[in-house]
Structure formats: structure tokens, C-alpha cells
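Content type compact mmCIF, C-alpha atoms, from the file upload-v3.txt:
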```
# COMPACT_ATOMS: atom_id res chain seq x y z
CA ALA A 628 -21.79 9.73 21.01
CA TRP A 629 -25.39 10.44 20.02
CA LEU A 630 -25.20 14.21 20.59
CA PRO A 631 -22.69 14.94 17.78
CA LEU A 632 -24.76 12.77 15.45
CA LYS A 633 -27.91 14.60 16.49
CA LEU A 634 -26.29 18.02 16.03
CA HIS A 635 -24.35 17.41 12.81
CA GLY A 636 -25.93 14.39 11.17
CA VAL A 637 -24.08 11.39 9.77
CA GLY A 638 -22.55 13.25 6.78
CA PRO A 639 -19.49 14.77 8.53
CA PHE A 640 -18.69 11.41 10.14
CA ARG A 641 -18.98 9.61 6.81
CA ASP A 642 -16.73 12.22 5.18
CA ALA A 643 -14.12 11.92 7.95
CA LEU A 644 -14.05 8.13 7.65
CA GLN A 645 -13.70 8.35 3.87
CA GLU A 646 -10.76 10.75 4.27
CA LYS A 647 -8.97 8.37 6.66
CA LEU A 648 -9.48 5.43 4.30
CA GLU A 649 -8.08 7.48 1.42
CA LEU A 650 -5.07 8.53 3.53
CA SER A 651 -4.40 4.88 4.38
CA ASP A 652 -4.41 4.00 0.70
CA TRP A 653 -2.17 7.00 -0.03
CA ILE A 654 0.52 5.97 2.46
CA HIS A 655 0.27 2.34 1.29
CA ASP A 656 1.06 3.46 -2.27
CA ARG A 657 4.02 5.53 -1.02
CA LEU A 658 5.38 2.60 0.99
CA CYS A 659 5.12 0.30 -2.03
CA ALA A 660 7.37 2.69 -3.96
CA ILE A 661 10.18 2.58 -1.38
CA GLU A 662 13.01 0.14 -2.08
CA ASP A 663 13.16 -2.86 0.27
CA VAL A 664 9.88 -2.01 2.01
CA VAL A 665 7.56 -4.99 2.32
CA ILE A 666 3.86 -4.60 3.05
CA VAL A 667 2.97 -7.11 5.74
CA ALA A 668 -0.72 -6.17 5.88
CA ALA A 669 -2.32 -3.95 3.25
CA PRO A 670 -4.74 -1.34 4.56
CA GLN A 671 -7.56 -2.87 6.54
CA LEU A 672 -9.78 0.08 7.22
CA SER A 673 -7.12 2.54 8.39
CA VAL A 674 -4.23 0.28 9.45
CA THR A 675 -1.23 -0.67 7.31
CA ALA A 676 1.64 -2.86 8.52
CA TRP A 677 5.03 -2.92 6.83
CA ARG A 678 8.70 -3.59 7.42
CA TRP A 679 12.03 -2.75 5.94
CA ALA A 680 13.68 -5.87 4.52
CA PRO A 681 17.05 -5.08 2.96
CA GLU A 682 18.53 -7.97 1.01
CA GLY A 683 20.75 -10.32 3.00
CA ILE A 684 19.37 -9.45 6.43
CA GLU A 685 17.00 -11.86 8.14
CA GLY A 686 15.59 -13.05 11.43
CA ASP A 687 16.31 -11.26 14.69
CA ARG A 688 18.71 -8.81 13.02
CA LEU A 689 15.93 -7.68 10.69
CA ASP A 690 13.59 -7.23 13.65
CA GLU A 691 16.26 -5.13 15.39
CA LEU A 692 16.67 -2.94 12.30
CA ASN A 693 12.92 -2.35 12.11
CA ARG A 694 12.76 -1.45 15.80
CA GLU A 695 15.56 1.05 15.26
CA LEU A 696 13.81 2.42 12.18
CA LEU A 697 10.60 2.90 14.19
CA ARG A 698 12.57 4.65 16.93
CA ARG A 699 14.15 7.05 14.41
CA ILE A 700 10.85 7.85 12.71
CA ASN A 701 9.18 8.62 16.03
CA ALA A 702 12.20 10.58 17.31
CA ARG A 703 11.44 13.24 14.71
CA GLN A 704 8.23 13.90 16.70
CA ARG A 705 6.06 14.75 13.72
CA VAL A 706 4.21 11.44 13.61
CA TYR A 707 3.87 8.52 15.98
CA LEU A 708 3.94 5.02 14.53
CA THR A 709 3.66 1.79 16.50
CA GLY A 710 5.14 -1.67 16.25
CA THR A 711 3.54 -5.08 16.31
CA ARG A 712 4.39 -8.70 15.68
CA LEU A 713 2.84 -10.29 12.62
CA GLY A 714 3.79 -13.72 11.40
CA GLY A 715 6.30 -13.94 14.24
CA ARG A 716 8.23 -10.87 13.07
CA PHE A 717 8.34 -7.24 14.14
CA SER A 718 6.45 -4.88 11.83
CA ILE A 719 5.73 -1.16 11.83
CA ARG A 720 2.13 0.03 11.87
CA ILE A 721 0.54 3.15 10.52
CA CYS A 722 -2.95 3.72 11.87
CA VAL A 723 -4.88 6.71 10.58
CA LEU A 724 -7.58 7.58 13.11
CA SER A 725 -7.30 11.06 14.51
CA PHE A 726 -9.65 13.73 13.25
CA ARG A 727 -6.55 15.94 13.10
CA THR A 728 -4.80 13.67 10.59
CA HIS A 729 -4.90 15.05 7.05
CA ILE A 730 -2.70 14.80 3.96
CA ASP A 731 -0.06 17.16 5.39
CA ARG A 732 0.53 14.77 8.30
CA MET A 733 0.73 11.79 5.95
CA GLU A 734 3.24 13.64 3.78
CA ALA A 735 5.32 14.29 6.91
CA CYS A 736 5.05 10.60 7.75
CA ALA A 737 6.31 9.57 4.31
CA GLN A 738 9.16 12.09 4.53
CA ASP A 739 10.19 10.85 7.98
CA ILE A 740 10.15 7.23 6.84
CA VAL A 741 12.34 7.99 3.82
CA SER A 742 14.74 10.15 5.86
CA ALA A 743 15.12 7.52 8.57
CA LEU A 744 15.67 4.80 5.97
CA ASP A 745 18.25 6.92 4.14
CA SER A 746 20.23 7.50 7.33
CA MET A 747 20.16 3.82 8.23
CA ARG A 748 21.19 2.77 4.72
CA GLU A 749 24.05 5.24 4.83
CA GLU A 750 25.29 3.80 8.13
CA MET A 751 25.16 0.27 6.73
CA THR A 752 27.45 1.05 3.78
```
Before we go any further, please render this structure as C-alpha cells.
Amino acid sequence: AWLPLKLHGVGPFRDALQEKLELSDWIHDRLCAIEDVVIVAAPQLSVTAWRWAPEGIEGDRLDELNRELLRRINARQRVYLTGTRLGGRFSIRICVLSFRTHIDRMEACAQDIVSALDSMREEMT
């Protein structure tokens, strides 16, 4: 890890970290604007945890819906999100780490989340 620092200095690494932190804040703001999305853990460095919580659905059924939502988002194969358990419940995680992740990828992520949610909402009505 010392060679890249020696060759390029700390500036490019600082800039890359700043970009990832800004992207995490960007997706957090987008998630907050989506109906029935609950932020479980606001961005901590580059990780945000959230879940879909439509009114009237609770417990294991809500966990199942979020697992299905995660599956549908990832099935689009433009982004890869992961799941975790927080507070005893299943949540979806967005972790911005890759040097290849830029605003275009985060926009695709937001689009895939909204599209997957729309299709699930439609099926529930």
C-alpha cells in the first residue's frame, strides 16, 4: 500500500474518499425522499442501511418483502447491494467503496431501487 502513496501522494486518496462520502450522502438524501423508506442507519463513512416499510406490514412479512426487494434490485445487475440484520430486522445496505463508483452508478442505484419498489407496490394492489 505504500507504493501508490509514494508515487501519487496522499491527495488522490483523500479526493477519492471525499467523493465516496459525498456519494453516500447523496444516496441517503434520495432514499429519504422515497415513500415508505426508513433509514435504519444514516451514512457512517460510506455505509447506509435502510428498509422499505409500507404501512400495515410488520415483522417477518416485512423482512420477506425487503429480501425480495433486494433480490429485484440486484437482479437488474447494475448495482450490487447487500442485506444485514439491524435491531433484529432485515435491512438493505448500500456501501460505497469501489474506486469505480461514481455518480452515474449511484444514479443507477437510485433508479433500480425506485423501479423495484414500483413493481412490488403494483403487485400488492
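Restricting the calculation to all atoms listed in the file, the smallest distance between Ala743 (chain A) and any of A:Ala702, A:Leu689, A:Ala668, A:Leu648 is found for A:Ala702.
Relative to CA of Arg688 (chain A), CA of Asp652 (chain A) is found at 29.2 Å.
Between Leu744 (chain A) and the candidates A:Trp653, A:Phe640, A:Trp679, A:Trp629, the tightest atom-to-atom separation, counting all atoms listed in the file, involves A:Trp679.
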Contacts between region 713-723 of chain A and region 688-709 of chain A, please, where a residue of region 688-709 of chain A counts if it comes within 10 Å (with only C-alpha atoms); show its shortest atom pair and distance in Å to one decimal, rows by chain and ascending number, as a tab-separated table.
```
residue	atom	partner	partner_atom	distance
A:Leu689	CA	A:Phe717	CA	8.3
A:Asp690	CA	A:Phe717	CA	5.3
A:Glu691	CA	A:Phe717	CA	8.3
A:Leu692	CA	A:Phe717	CA	9.6
A:Asn693	CA	A:Ser718	CA	7.0
A:Arg694	CA	A:Phe717	CA	7.5
A:Leu696	CA	A:Ile719	CA	8.8
A:Leu697	CA	A:Ile719	CA	6.8
A:Val706	CA	A:Ile721	CA	9.6
A:Tyr707	CA	A:Ile721	CA	8.4
A:Leu708	CA	A:Ile721	CA	5.6
A:Thr709	CA	A:Arg720	CA	5.2
```
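Taking CA of Leu632 (chain A) and CA of Ser725 (chain A) as endpoints, the distance between them is 17.6 Å.
Nearest to Thr711 (chain A) of all the residues A:Thr728, A:Thr752, A:Ser746, A:Thr675 is A:Thr675, counting only C-alpha atoms.
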Report summary line: Using only C-alpha atoms, the residue out of A:Ala676, A:Pro639, A:Gln671, A:Glu734 with shortest distance to Cys659 (chain A) is A:Ala676
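Shortest separation to Arg703 (chain A) among A:Ser742, A:Arg678, A:Leu658, A:Asp731 occurs at residue A:Ser742, atoms counted being all atoms listed in the file.
Note that the spacing between CA of Glu749 (chain A) and CA of Gly686 (chain A) amounts to 21.2 Å.
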Report summary line: In terms of only C-alpha atoms, the residue from A:Leu650, A:Leu630, A:Glu662, A:Val667 at minimal distance from Arg712 (chain A) is A:Val667
Query raised in the report: Quick one: residues within 8 Å of Cys736 (chain A), only C-alpha atoms counted, chain neighbours fewer than 4 positions away excluded, as a PyMOL selection string?
Result: chain A and resi 705-706+732+740
